[in-house]
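Asker: Data file work-v6.cif (mmCIF, C-alpha atoms and all ligand atoms) is appended below.
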data_my_file
#
loop_
_atom_site.label_atom_id
_atom_site.label_comp_id
_atom_site.auth_asym_id
_atom_site.auth_seq_id
_atom_site.Cartn_x
_atom_site.Cartn_y
_atom_site.Cartn_z
CA MET A 1 -100.40 93.35 -115.56
CA PRO A 2 -98.83 95.27 -112.65
CA ILE A 3 -96.26 93.34 -110.62
CA LYS A 4 -96.60 93.06 -106.84
CA VAL A 5 -94.39 91.48 -104.21
CA LEU A 6 -96.37 88.77 -102.44
CA PRO A 7 -97.00 89.11 -98.69
CA PRO A 8 -94.67 86.86 -96.61
CA ASP A 9 -97.37 84.41 -95.45
CA LEU A 10 -98.50 83.79 -99.02
CA ALA A 11 -94.89 83.46 -100.23
CA ALA A 12 -94.26 80.92 -97.45
CA ARG A 13 -97.28 78.87 -98.50
CA ILE A 14 -96.20 78.83 -102.13
CA ALA A 15 -92.70 77.78 -101.07
CA ALA A 16 -94.30 75.09 -98.91
CA GLY A 17 -96.09 73.77 -101.98
CA GLU A 18 -92.74 73.02 -103.57
CA VAL A 19 -91.66 70.85 -100.65
CA ILE A 20 -95.04 69.34 -99.76
CA GLU A 21 -96.95 68.21 -102.81
CA ARG A 22 -99.00 65.48 -101.17
CA PRO A 23 -99.24 63.71 -97.79
CA ALA A 24 -96.53 61.26 -98.89
CA SER A 25 -94.03 64.14 -99.15
CA VAL A 26 -94.61 64.88 -95.47
CA VAL A 27 -93.76 61.28 -94.57
CA LYS A 28 -90.64 61.44 -96.75
CA GLU A 29 -89.41 64.68 -95.16
CA LEU A 30 -90.04 63.52 -91.59
CA VAL A 31 -88.47 60.11 -92.11
CA GLU A 32 -85.43 61.77 -93.69
CA ASN A 33 -85.14 64.03 -90.66
CA ALA A 34 -85.34 61.01 -88.38
CA LEU A 35 -82.57 59.26 -90.30
CA ASP A 36 -80.46 62.44 -90.33
CA ALA A 37 -80.90 62.55 -86.55
CA GLY A 38 -79.31 59.10 -86.32
CA ALA A 39 -82.49 57.22 -85.47
CA ALA A 40 -82.29 53.44 -85.19
CA THR A 41 -86.07 53.05 -85.12
CA VAL A 42 -88.60 55.18 -86.98
CA ARG A 43 -92.32 54.71 -86.46
CA VAL A 44 -94.82 56.08 -88.97
CA GLU A 45 -98.54 56.32 -88.17
CA ILE A 46 -101.05 57.38 -90.78
CA GLU A 47 -104.81 57.94 -90.73
CA ASP A 48 -107.03 58.43 -93.76
CA GLY A 49 -104.18 58.35 -96.24
CA GLY A 50 -102.33 61.01 -94.29
CA LYS A 51 -105.13 63.54 -94.53
CA ALA A 52 -106.25 63.13 -90.93
CA LEU A 53 -102.94 62.29 -89.25
CA ILE A 54 -99.29 61.70 -90.02
CA ARG A 55 -97.10 61.00 -87.01
CA VAL A 56 -93.44 60.12 -87.33
CA SER A 57 -91.61 59.19 -84.13
CA ASP A 58 -87.91 58.43 -83.91
CA ASP A 59 -85.25 57.64 -81.35
CA GLY A 60 -82.63 59.93 -82.83
CA GLU A 61 -80.70 62.69 -81.09
CA GLY A 62 -83.68 65.00 -80.55
CA MET A 63 -83.59 68.74 -79.98
CA ASP A 64 -83.44 71.05 -77.01
CA ARG A 65 -86.07 73.78 -76.77
CA GLY A 66 -84.01 76.47 -78.51
CA ASP A 67 -83.29 74.23 -81.48
CA ALA A 68 -86.89 73.05 -81.65
CA MET A 69 -88.06 76.66 -81.93
CA LEU A 70 -85.38 77.41 -84.53
CA ALA A 71 -86.19 74.31 -86.58
CA LEU A 72 -89.56 75.80 -87.48
CA GLY A 73 -88.06 78.90 -89.08
CA ARG A 74 -87.35 78.91 -92.80
CA HIS A 75 -83.73 78.26 -93.86
CA ALA A 76 -82.90 76.94 -90.41
CA THR A 77 -80.76 73.82 -90.56
CA SER A 78 -78.09 72.11 -88.49
CA LYS A 79 -76.77 70.29 -91.53
CA ILE A 80 -74.78 72.94 -93.39
CA ARG A 81 -73.20 76.20 -92.28
CA ALA A 82 -71.62 77.72 -95.40
CA ALA A 83 -71.71 77.38 -99.18
CA ALA A 84 -68.62 75.18 -99.08
CA ASP A 85 -70.56 72.58 -97.09
CA LEU A 86 -72.84 72.04 -100.08
CA ILE A 87 -70.12 69.92 -101.61
CA GLY A 88 -70.17 66.63 -99.82
CA VAL A 89 -73.48 66.95 -97.98
CA GLY A 90 -73.89 63.72 -96.06
CA THR A 91 -77.49 64.11 -94.96
CA PHE A 92 -80.85 63.75 -96.68
CA GLY A 93 -81.83 67.30 -95.82
CA PHE A 94 -79.91 70.57 -95.82
CA ARG A 95 -82.33 73.24 -97.08
CA GLY A 96 -83.96 73.96 -93.71
CA GLU A 97 -87.29 74.10 -95.50
CA ALA A 98 -89.13 70.91 -94.64
CA LEU A 99 -90.46 71.55 -91.12
CA PRO A 100 -91.68 75.12 -91.76
CA ALA A 101 -93.26 73.89 -94.99
CA VAL A 102 -95.09 71.06 -93.23
CA ALA A 103 -96.11 73.39 -90.39
CA SER A 104 -97.50 76.03 -92.75
CA VAL A 105 -99.92 73.61 -94.40
CA SER A 106 -101.00 71.53 -91.41
CA ARG A 107 -101.99 71.58 -87.76
CA PHE A 108 -98.54 70.76 -86.52
CA GLU A 109 -97.21 69.43 -83.25
CA LEU A 110 -93.59 68.70 -82.47
CA GLU A 111 -92.54 66.83 -79.37
CA THR A 112 -88.85 66.35 -78.81
CA SER A 113 -86.31 65.60 -76.14
CA PRO A 114 -82.51 65.75 -76.36
CA ASP A 115 -81.94 63.37 -73.45
CA GLY A 116 -85.17 61.44 -72.84
CA ARG A 117 -85.72 63.41 -69.63
CA THR A 118 -86.48 67.03 -70.50
CA GLY A 119 -88.80 67.73 -73.36
CA THR A 120 -90.52 70.38 -75.41
CA ARG A 121 -93.83 70.36 -77.19
CA LEU A 122 -94.57 73.01 -79.81
CA ARG A 123 -97.88 73.51 -81.48
CA VAL A 124 -98.21 75.51 -84.68
CA ALA A 125 -101.46 76.69 -86.20
CA GLY A 126 -101.68 78.87 -89.28
CA GLY A 127 -97.88 78.97 -89.51
CA LYS A 128 -97.46 80.49 -86.02
CA VAL A 129 -95.97 78.81 -82.96
CA GLU A 130 -98.67 79.11 -80.36
CA ALA A 131 -97.71 76.92 -77.48
CA VAL A 132 -94.46 75.93 -75.91
CA GLU A 133 -95.14 73.29 -73.34
CA ASP A 134 -92.97 71.10 -71.23
CA ALA A 135 -93.69 67.75 -72.71
CA VAL A 136 -94.16 65.20 -70.02
CA THR A 137 -91.27 62.95 -70.83
CA HIS A 138 -89.75 63.27 -67.38
CA PRO A 139 -91.16 61.07 -64.63
CA GLY A 140 -90.74 63.93 -62.13
CA THR A 141 -92.57 66.48 -64.28
CA LYS A 142 -95.54 68.05 -62.54
CA TYR A 143 -98.47 69.38 -64.48
CA SER A 144 -100.45 72.10 -62.81
CA LEU A 145 -103.88 72.95 -64.06
CA GLY A 146 -105.04 76.51 -63.48
CA SER A 147 -108.20 78.26 -64.41
CA VAL A 148 -110.76 75.47 -64.10
CA LEU A 149 -110.29 74.26 -60.54
CA ASN A 150 -112.41 75.41 -57.61
CA HIS A 151 -109.72 77.29 -55.70
CA VAL A 152 -108.90 79.38 -58.80
CA LEU A 153 -112.56 80.21 -59.28
CA MET A 154 -112.87 81.22 -55.66
CA HIS A 155 -109.82 83.46 -55.92
CA GLN A 156 -111.40 85.21 -58.93
CA THR A 157 -114.64 86.01 -57.10
CA VAL A 158 -112.96 89.26 -56.10
CA ILE A 159 -114.15 90.44 -59.54
CA GLY A 160 -117.79 89.76 -58.73
CA LEU A 161 -117.57 91.06 -55.16
CA GLU A 162 -116.06 94.29 -56.43
CA SER A 163 -118.69 94.56 -59.22
CA LYS A 164 -121.45 94.03 -56.69
CA LYS A 165 -120.16 96.91 -54.56
CA GLN A 166 -119.88 99.15 -57.61
CA MET A 167 -123.36 98.29 -58.81
CA GLU A 168 -124.75 98.93 -55.35
CA LYS A 169 -123.15 102.36 -55.41
CA ALA A 170 -124.68 103.02 -58.81
CA GLY A 171 -128.04 101.77 -57.53
CA PHE A 172 -128.38 98.87 -59.97
CA TYR A 173 -128.61 95.09 -59.90
CA PRO A 174 -127.88 93.17 -63.11
CA ASP A 175 -130.65 91.41 -65.05
CA LEU A 176 -127.97 89.78 -67.15
CA VAL A 177 -124.44 88.73 -66.21
CA ILE A 178 -122.30 87.86 -69.21
CA GLY A 179 -118.72 86.63 -69.52
CA CYS A 180 -116.50 84.73 -71.91
CA VAL A 181 -115.46 81.22 -70.94
CA GLY A 182 -112.33 79.27 -71.81
CA GLY A 183 -111.72 77.31 -68.62
CA GLY A 184 -114.39 79.43 -66.95
CA SER A 185 -112.54 81.05 -64.04
CA SER A 186 -113.06 84.73 -64.88
CA PHE A 187 -116.75 84.21 -65.53
CA ALA A 188 -117.13 82.25 -62.33
CA GLY A 189 -115.33 85.10 -60.60
CA LEU A 190 -117.76 87.67 -61.91
CA SER A 191 -120.93 85.64 -61.64
CA PHE A 192 -120.73 83.58 -58.45
CA PRO A 193 -121.27 86.46 -55.99
CA PHE A 194 -124.44 87.39 -57.93
CA LEU A 195 -125.42 83.76 -58.42
CA GLN A 196 -125.44 83.35 -54.64
CA ASP A 197 -128.39 85.79 -54.55
CA LYS A 198 -130.22 83.88 -57.25
CA LEU A 199 -129.75 80.55 -55.51
CA LYS A 200 -131.03 82.06 -52.26
CA GLY A 201 -134.15 83.21 -54.05
CA ARG A 202 -133.24 86.89 -54.20
CA ASN A 203 -133.11 88.37 -57.71
CA ALA A 204 -134.28 85.06 -59.10
CA LYS A 205 -134.74 86.49 -62.59
CA THR A 206 -131.11 87.40 -63.21
CA ARG A 207 -129.73 85.39 -66.15
CA PHE A 208 -126.13 84.22 -66.40
CA ILE A 209 -124.68 83.72 -69.87
CA ALA A 210 -121.33 82.03 -70.54
CA VAL A 211 -120.01 82.84 -74.02
CA GLU A 212 -117.68 80.45 -75.80
CA PRO A 213 -116.16 80.39 -79.28
CA GLU A 214 -117.95 78.42 -82.00
CA ALA A 215 -114.54 76.87 -82.79
CA CYS A 216 -114.22 75.37 -79.28
CA PRO A 217 -117.78 74.97 -77.97
CA SER A 218 -117.21 72.80 -74.88
CA VAL A 219 -120.50 73.51 -73.11
CA THR A 220 -122.83 73.97 -76.07
CA ARG A 221 -121.62 70.91 -78.01
CA GLY A 222 -119.48 68.88 -75.64
CA GLU A 223 -120.36 65.92 -73.46
CA TYR A 224 -120.94 66.21 -69.70
CA THR A 225 -118.72 63.44 -68.46
CA TYR A 226 -115.41 62.55 -66.81
CA ASP A 227 -112.30 63.53 -68.75
CA PHE A 228 -108.67 64.47 -68.22
CA GLY A 229 -107.93 68.14 -67.70
CA ASP A 230 -104.86 67.94 -69.93
CA THR A 231 -103.71 66.31 -73.14
CA ALA A 232 -100.96 64.39 -71.38
CA GLU A 233 -103.52 62.64 -69.13
CA THR A 234 -101.74 63.56 -65.93
CA THR A 235 -104.65 65.13 -64.01
CA PRO A 236 -107.29 63.21 -62.11
CA LEU A 237 -110.51 62.72 -64.05
CA ILE A 238 -112.78 65.76 -63.85
CA LYS A 239 -116.54 65.80 -64.39
CA MET A 240 -117.14 68.58 -66.87
CA TYR A 241 -118.35 69.52 -70.30
CA THR A 242 -115.60 68.39 -72.65
CA LEU A 243 -114.79 68.07 -76.32
CA GLY A 244 -112.26 65.34 -75.49
CA HIS A 245 -108.80 66.00 -74.02
CA THR A 246 -107.05 65.26 -77.33
CA PHE A 247 -109.10 67.88 -79.17
CA VAL A 248 -106.96 70.68 -80.61
CA PRO A 249 -109.20 73.62 -81.47
CA PRO A 250 -108.66 75.71 -84.60
CA GLY A 251 -106.25 78.64 -84.15
CA ILE A 252 -108.73 81.38 -83.35
CA HIS A 253 -107.44 84.69 -81.99
CA ALA A 254 -109.10 84.28 -78.61
CA GLY A 255 -106.34 81.90 -77.48
CA GLY A 256 -107.60 82.04 -73.90
CA LEU A 257 -110.84 80.34 -74.90
CA ARG A 258 -109.25 77.33 -76.58
CA TYR A 259 -109.62 74.78 -73.81
CA HIS A 260 -111.27 71.41 -74.45
CA GLY A 261 -113.09 71.33 -71.11
CA MET A 262 -114.86 73.64 -68.67
CA ALA A 263 -114.57 74.33 -64.96
CA PRO A 264 -116.54 71.62 -63.12
CA LEU A 265 -118.54 74.24 -61.18
CA ILE A 266 -119.52 76.14 -64.34
CA SER A 267 -120.28 72.81 -66.04
CA HIS A 268 -122.52 71.76 -63.15
CA LEU A 269 -124.42 75.06 -63.16
CA CYS A 270 -124.92 74.90 -66.93
CA HIS A 271 -126.05 71.30 -66.60
CA LEU A 272 -128.61 72.34 -63.98
CA GLY A 273 -129.77 75.17 -66.23
CA VAL A 274 -128.87 77.83 -63.67
CA MET A 275 -126.44 79.27 -66.20
CA GLU A 276 -126.81 79.41 -69.96
CA ALA A 277 -124.12 78.99 -72.58
CA VAL A 278 -123.94 80.33 -76.12
CA ALA A 279 -121.30 79.99 -78.84
CA VAL A 280 -120.30 82.77 -81.23
CA HIS A 281 -118.08 83.11 -84.32
CA GLN A 282 -114.91 85.25 -84.54
CA ASN A 283 -116.13 87.77 -87.11
CA PRO A 284 -119.21 88.96 -85.23
CA VAL A 285 -117.03 89.01 -82.10
CA PHE A 286 -114.52 91.38 -83.73
CA GLU A 287 -117.35 93.46 -85.14
CA ALA A 288 -118.55 93.97 -81.56
CA ALA A 289 -114.98 94.64 -80.39
CA VAL A 290 -114.50 97.39 -82.97
CA GLN A 291 -117.88 98.91 -82.13
CA PHE A 292 -116.94 98.87 -78.45
CA ALA A 293 -113.52 100.40 -79.11
CA ARG A 294 -115.06 103.17 -81.19
CA THR A 295 -117.75 104.01 -78.65
CA GLU A 296 -115.85 103.46 -75.39
CA GLY A 297 -112.26 104.19 -76.39
CA ILE A 298 -111.11 100.85 -74.94
CA VAL A 299 -109.69 98.16 -77.22
CA PRO A 300 -110.85 94.83 -75.81
CA ALA A 301 -108.98 91.54 -76.16
CA PRO A 302 -110.61 88.94 -78.42
CA GLU A 303 -111.67 86.91 -75.36
CA PRO A 304 -113.87 89.51 -73.60
CA ALA A 305 -115.08 90.64 -77.04
CA HIS A 306 -117.07 87.37 -76.98
CA ALA A 307 -118.94 88.71 -73.96
CA ILE A 308 -119.31 92.12 -75.59
CA ARG A 309 -120.90 90.49 -78.66
CA VAL A 310 -123.60 88.88 -76.55
CA ALA A 311 -124.04 91.99 -74.37
CA ILE A 312 -124.71 94.02 -77.53
CA ASP A 313 -127.08 91.36 -78.89
CA GLU A 314 -129.03 91.35 -75.63
CA ALA A 315 -129.16 95.16 -75.64
CA LEU A 316 -130.49 95.10 -79.21
CA LYS A 317 -133.20 92.65 -78.13
CA CYS A 318 -134.15 95.11 -75.39
CA ARG A 319 -134.40 97.89 -77.94
CA GLU A 320 -136.79 95.77 -79.98
CA SER A 321 -138.93 94.67 -77.05
CA GLY A 322 -138.84 98.07 -75.36
CA GLN A 323 -137.62 96.54 -72.09
CA ALA A 324 -134.97 98.19 -69.96
CA LYS A 325 -132.35 95.78 -68.60
CA THR A 326 -129.16 96.17 -66.65
CA ILE A 327 -126.43 94.19 -68.39
CA LEU A 328 -123.19 93.41 -66.60
CA PHE A 329 -120.31 91.90 -68.54
CA ASN A 330 -116.68 91.19 -67.84
CA LEU A 331 -114.09 93.15 -69.79
CA CYS A 332 -111.36 90.81 -68.65
CA GLY A 333 -108.46 92.12 -70.73
CA HIS A 334 -107.28 94.75 -73.18
CA GLY A 335 -106.40 93.99 -76.77
CA HIS A 336 -103.21 96.04 -77.08
CA PHE A 337 -101.27 92.95 -78.11
CA ASP A 338 -103.94 91.72 -80.49
CA MET A 339 -103.42 94.30 -83.22
CA ALA A 340 -102.58 91.60 -85.78
CA ALA A 341 -105.99 90.04 -85.15
CA TYR A 342 -107.72 93.41 -85.54
CA ASP A 343 -105.69 94.00 -88.69
CA GLN A 344 -106.90 90.71 -90.12
CA TYR A 345 -110.49 91.48 -89.21
CA LEU A 346 -110.36 94.97 -90.72
CA ALA A 347 -108.77 93.57 -93.90
CA GLY A 348 -111.65 91.10 -94.15
CA LYS A 349 -109.28 88.15 -93.74
CA LEU A 350 -110.56 86.68 -90.50
CA GLU A 351 -111.87 83.16 -90.87
CA ASP A 352 -114.99 81.85 -89.14
CA TYR A 353 -114.16 78.25 -88.36
CA ALA A 354 -117.01 75.85 -88.75
CA TYR A 355 -117.57 73.61 -85.74
CA PRO A 356 -114.89 70.92 -86.19
CA LYS A 357 -117.39 68.07 -85.85
CA GLU A 358 -115.18 65.24 -87.05
CA GLU A 359 -112.23 66.28 -84.87
CA VAL A 360 -114.50 66.47 -81.84
CA GLU A 361 -116.07 63.10 -82.57
CA LYS A 362 -112.61 61.60 -82.79
CA ALA A 363 -111.54 63.24 -79.54
CA LEU A 364 -114.75 62.16 -77.78
CA ALA A 365 -114.13 58.61 -78.89
CA GLY A 366 -110.90 58.81 -76.87
CA LEU A 367 -112.62 59.75 -73.59
CA PRO A 368 -111.49 57.60 -70.67
CA LYS A 369 -113.70 54.54 -70.30
CA LEU A 370 -115.25 54.36 -66.86
N1 LIG B 401 -86.53 64.16 -86.02
C1 LIG B 401 -85.58 65.07 -85.73
N2 LIG B 401 -84.70 64.83 -84.75
C2 LIG B 401 -83.75 65.74 -84.44
N3 LIG B 401 -83.60 66.92 -85.07
C3 LIG B 401 -84.46 67.21 -86.05
C4 LIG B 401 -85.50 66.30 -86.44
N4 LIG B 401 -86.20 66.88 -87.44
C5 LIG B 401 -85.64 68.06 -87.68
N5 LIG B 401 -84.58 68.27 -86.86
C6 LIG B 401 -83.73 69.49 -86.81
O1 LIG B 401 -84.47 70.56 -87.39
C7 LIG B 401 -83.77 71.14 -88.48
C8 LIG B 401 -84.76 71.58 -89.51
O2 LIG B 401 -85.40 70.47 -90.13
P1 LIG B 401 -85.89 70.61 -91.62
O3 LIG B 401 -86.35 69.30 -92.12
O4 LIG B 401 -86.82 71.76 -91.71
O5 LIG B 401 -84.57 71.04 -92.38
P2 LIG B 401 -83.35 70.14 -92.87
O6 LIG B 401 -83.58 68.70 -92.63
O7 LIG B 401 -82.12 70.73 -92.28
O8 LIG B 401 -83.38 70.45 -94.45
P3 LIG B 401 -84.52 70.01 -95.53
O9 LIG B 401 -85.47 71.17 -95.60
O10 LIG B 401 -83.75 69.83 -96.79
O11 LIG B 401 -85.18 68.78 -95.01
C9 LIG B 401 -82.82 70.06 -88.94
O12 LIG B 401 -81.67 70.62 -89.56
C10 LIG B 401 -82.48 69.33 -87.64
O13 LIG B 401 -81.44 70.00 -86.96
MG MG B 402 -85.29 67.69 -93.32
#
Represent the structure contained in this file as structure tokens.

Answerer:
Amino acid sequence: MPIKVLPPDLAARIAAGEVIERPASVVKELVENALDAGAATVRVEIEDGGKALIRVSDDGEGMDRGDAMLALGRHATSKIRAAADLIGVGTFGFRGEALPAVASVSRFELETSPDGRTGTRLRVAGGKVEAVEDAVTHPGTKYSLGSVLNHVLMHQTVIGLESKKQMEKAGFYPDLVIGCVGGGSSFAGLSFPFLQDKLKGRNAKTRFIAVEPEACPSVTRGEYTYDFGDTAETTPLIKMYTLGHTFVPPGIHAGGLRYHGMAPLISHLCHLGVMEAVAVHQNPVFEAAVQFARTEGIVPAPEPAHAIRVAIDEALKCRESGQAKTILFNLCGHGHFDMAAYDQYLAGKLEDYAYPKEEVEKALAGLPKL
């Protein structure tokens, strides 16, 4: 048989298999790290035999942000520096393999603080670090929520006002206004100036469609209730469609659409039925993105490609029914930095995540009790 060198992500997973054979190996590695860090107390929490959750907390020396980022790379260790150090190793670990191994086979979160005041939270999905957040370990830390709050939505209405002017110039008014929604601000920005007409009884037939990912379907599958805007529970309670503030969506490429909640104004309008919401999978979204790129010469980001998917679907419906409709959608970003995602799609390696029902149920069970 011909010999081939394995791609790095596959090699990393195989290497991970040598460190992590079963959930118990994760506990062993994390407890060893805690002890190596000089912890006096180590707390281990486990759900469903370690399949649902393994959390190891310690009061050891912790890491600053730079070290926390480094710790997730392979062969990154603070415990040896040179071959000579191998003789007389005084720690449980020294290979620098455990954390990257755990992270490559799990949905991984690391929260650490070197001094109990400043902190870092890293989230890894599919072996990639995808969020560096200031963990709220400091009493003075302020959390500011963008995107979903009313003033942000209002600011974004420049998009819709501008579109309205352009459509007027072109002599059209949209029958359909379509946009992707994560927190909902860009879609609010596009749609609200048109929605004003609908609410005043002008152009009453115009439909407004918010498109969300199937992997994080806040409006289509969430609950309309009060929830925190953030995982750390620092915001006031917000009435919105939510999947639960502890819900961590699967690592889809449209990172901008991975928010557990939805802008209260968009939520309210969807609840009233003035706006509609639909959820779509990644693969059909990228199919639409590629079609759009090939026909328009613009490579869209994965987020607006959600809107493009539905715009194309609606246009196809028109072709079938013989109706002519004006469809307005928001191309809210280019995809020049999303080549890896396109690569994956074109190689047929993009995963369509099923709706994470159990995760959502668990997160919804943690909604604040009113
Ligand atoms: N709980 C912790 N507290 C403080 N630092 C930690 C903790 N866990 C890991 N680290 C840091 O991250 C580095 C990487 O951890 P990792 O477990 O991947 O490798 P290691 O312990 O050095 O070697 P091994 O792979 O043999 O366990 C460690 O060397 C240590 O500096
Ligand atoms: Mg270790």

Asker: Name all residues at most 7 Å from region 248-254 of chain A (count all atoms listed in the file; drop same-chain ones fewer than 5 positions away) and give them as a PyMOL selection string.

Answerer: chain A and resi 125-126+215-216+302-303+341

Asker: Would you mind exporting C-alpha atoms of the selected residues as a short mmCIF file (atom, residue, chain, number, x, y, z; two decimals), in the frame of the given file?

Answerer:
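Saved result, result.cif, follows:
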data_model
loop_
_atom_site.label_atom_id
_atom_site.label_comp_id
_atom_site.auth_asym_id
_atom_site.auth_seq_id
_atom_site.Cartn_x
_atom_site.Cartn_y
_atom_site.Cartn_z
CA ALA A 125 -101.46 76.69 -86.20
CA GLY A 126 -101.68 78.87 -89.28
CA ALA A 215 -114.54 76.87 -82.79
CA CYS A 216 -114.22 75.37 -79.28
CA PRO A 302 -110.61 88.94 -78.42
CA GLU A 303 -111.67 86.91 -75.36
CA ALA A 341 -105.99 90.04 -85.15
#

Asker: Taking all atoms listed in the file into account, list the residues no farther than 9 Å from ligand LIG 401 (chain B), as a PyMOL selection string.

Answerer: chain A and resi 19+29-39+56-63+67-80+91-102+112-114

Asker: Can I get the selected residues back with C-alpha atoms, as a compact mmCIF listing (two decimals), keeping the file's coordinate frame?

Answerer:
# COMPACT_ATOMS: atom_id res chain seq x y z
CA VAL A 19 -91.66 70.85 -100.65
CA GLU A 29 -89.41 64.68 -95.16
CA LEU A 30 -90.04 63.52 -91.59
CA VAL A 31 -88.47 60.11 -92.11
CA GLU A 32 -85.43 61.77 -93.69
CA ASN A 33 -85.14 64.03 -90.66
CA ALA A 34 -85.34 61.01 -88.38
CA LEU A 35 -82.57 59.26 -90.30
CA ASP A 36 -80.46 62.44 -90.33
CA ALA A 37 -80.90 62.55 -86.55
CA GLY A 38 -79.31 59.10 -86.32
CA ALA A 39 -82.49 57.22 -85.47
CA VAL A 56 -93.44 60.12 -87.33
CA SER A 57 -91.61 59.19 -84.13
CA ASP A 58 -87.91 58.43 -83.91
CA ASP A 59 -85.25 57.64 -81.35
CA GLY A 60 -82.63 59.93 -82.83
CA GLU A 61 -80.70 62.69 -81.09
CA GLY A 62 -83.68 65.00 -80.55
CA MET A 63 -83.59 68.74 -79.98
CA ASP A 67 -83.29 74.23 -81.48
CA ALA A 68 -86.89 73.05 -81.65
CA MET A 69 -88.06 76.66 -81.93
CA LEU A 70 -85.38 77.41 -84.53
CA ALA A 71 -86.19 74.31 -86.58
CA LEU A 72 -89.56 75.80 -87.48
CA GLY A 73 -88.06 78.90 -89.08
CA ARG A 74 -87.35 78.91 -92.80
CA HIS A 75 -83.73 78.26 -93.86
CA ALA A 76 -82.90 76.94 -90.41
CA THR A 77 -80.76 73.82 -90.56
CA SER A 78 -78.09 72.11 -88.49
CA LYS A 79 -76.77 70.29 -91.53
CA ILE A 80 -74.78 72.94 -93.39
CA THR A 91 -77.49 64.11 -94.96
CA PHE A 92 -80.85 63.75 -96.68
CA GLY A 93 -81.83 67.30 -95.82
CA PHE A 94 -79.91 70.57 -95.82
CA ARG A 95 -82.33 73.24 -97.08
CA GLY A 96 -83.96 73.96 -93.71
CA GLU A 97 -87.29 74.10 -95.50
CA ALA A 98 -89.13 70.91 -94.64
CA LEU A 99 -90.46 71.55 -91.12
CA PRO A 100 -91.68 75.12 -91.76
CA ALA A 101 -93.26 73.89 -94.99
CA VAL A 102 -95.09 71.06 -93.23
CA THR A 112 -88.85 66.35 -78.81
CA SER A 113 -86.31 65.60 -76.14
CA PRO A 114 -82.51 65.75 -76.36

Asker: So how many Å separate CA of Tyr241 (chain A) and CA of Gln196 (chain A), to one decimal?

Answerer: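 Atom-to-atom, CA of Tyr241 (chain A) to CA of Gln196 (chain A), that is 22.1 Å.
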
Asker: Hey, which of A:Ile20, A:Ala188, A:Ala11, A:Leu237 ends up closest to ligand MG 402 (chain B)? Count all atoms listed in the file.

Answerer: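 Closest to ligand MG 402 (chain B), using all atoms listed in the file: A:Ile20.
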
Asker: Expressed in Å to a single decimal, how great is the separation between CA of Gly273 (chain A) and CA of Pro356 (chain A)?

Answerer: 25.3 Å

Asker: Check the smallest atom-to-atom distance from each of A:Val132, A:Glu276, A:Arg309, A:Tyr342 to Ala288 (chain A) using all atoms listed in the file, then report the winner.

Answerer: A:Arg309

Asker: Around the point (-107.1, 92.3, -84.8), in the coordinates given by the file, pick out the residues reaching within 10 Å, counting all atoms listed in the file, and return them as JSON, numbers by chain.

Answerer: {"A": [253, 286, 289, 290, 299, 301, 302, 335, 336, 337, 338, 339, 340, 341, 342, 343, 344, 345, 346, 347, 350]}

Asker: For a quick check of understanding, using only C-alpha atoms and all ligand atoms, which of A:Val27, A:Ile312, A:Ile178, A:Val360 has the smallest distance to ligand MG 402 (chain B)?

Answerer: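 Of A:Val27, A:Ile312, A:Ile178, A:Val360, the one nearest ligand MG 402 (chain B), counting only C-alpha atoms and all ligand atoms, is A:Val27.
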
Asker: Tyr259 (chain A): which residues within 9 Å, counting all atoms listed in the file, same-chain residues fewer than 6 positions away excluded, as a PDB file with C-alpha atoms, in the coordinates of the input?

Answerer:
ATOM      1  CA  GLY A 182    -112.330  79.270 -71.810  1.00  0.00           C
ATOM      2  CA  GLY A 183    -111.720  77.310 -68.620  1.00  0.00           C
ATOM      3  CA  CYS A 216    -114.220  75.370 -79.280  1.00  0.00           C
ATOM      4  CA  SER A 218    -117.210  72.800 -74.880  1.00  0.00           C
ATOM      5  CA  THR A 242    -115.600  68.390 -72.650  1.00  0.00           C
ATOM      6  CA  LEU A 243    -114.790  68.070 -76.320  1.00  0.00           C
ATOM      7  CA  HIS A 245    -108.800  66.000 -74.020  1.00  0.00           C
ATOM      8  CA  PHE A 247    -109.100  67.880 -79.170  1.00  0.00           C
ATOM      9  CA  VAL A 248    -106.960  70.680 -80.610  1.00  0.00           C
ATOM     10  CA  PRO A 249    -109.200  73.620 -81.470  1.00  0.00           C
TER      11      PRO A 249
END

Asker: Using all atoms listed in the file, which protein or nucleic acid residues come within 9 Å of Val152 (chain A)? Drop anything in the same chain fewer than 5 positions from it, and give the result as a list in words.

Answerer: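 Near Val152 (chain A), the qualifying residues are Gly146, Ser147, Thr157, Ser185 and Gly189 of chain A.
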
Asker: To one decimal in Å, tell me the separation between CA of Ser267 (chain A) and CA of Val181 (chain A).

Answerer: 10.9 Å

Asker: Considering only C-alpha atoms and all ligand atoms, can you say which of A:Met1, A:Val26, A:Arg107, A:His281 comes closest to ligand MG 402 (chain B)?

Answerer: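 Smallest distance to ligand MG 402 (chain B) is found for A:Val26.
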
Asker: Could you tell me which of A:Val148, A:Ile54, A:Leu6, A:Cys180 comes closest to Leu110 (chain A) if we count all atoms listed in the file?

Answerer: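 Among the listed residues, the smallest separation from Leu110 (chain A) belongs to A:Ile54.
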
Asker: Edge lengths and centre, in Å to one decimal, as lines of an AutoDock Vina configuration file: that's what I need for the box along x, y and z that holds all listed atoms of region 300-306 of chain A plus 4 Å on each side.

Answerer:
center_x = -113.0
center_y = 90.9
center_z = -76.0
size_x = 16.1
size_y = 15.9
size_z = 12.8

Asker: Within 9 Å of Glu111 (chain A), counting all atoms listed in the file, which residues qualify if same-chain residues fewer than 2 places away don't, as a VMD selection string?

Answerer: chain A and resid 68 109 113 119 to 123 135
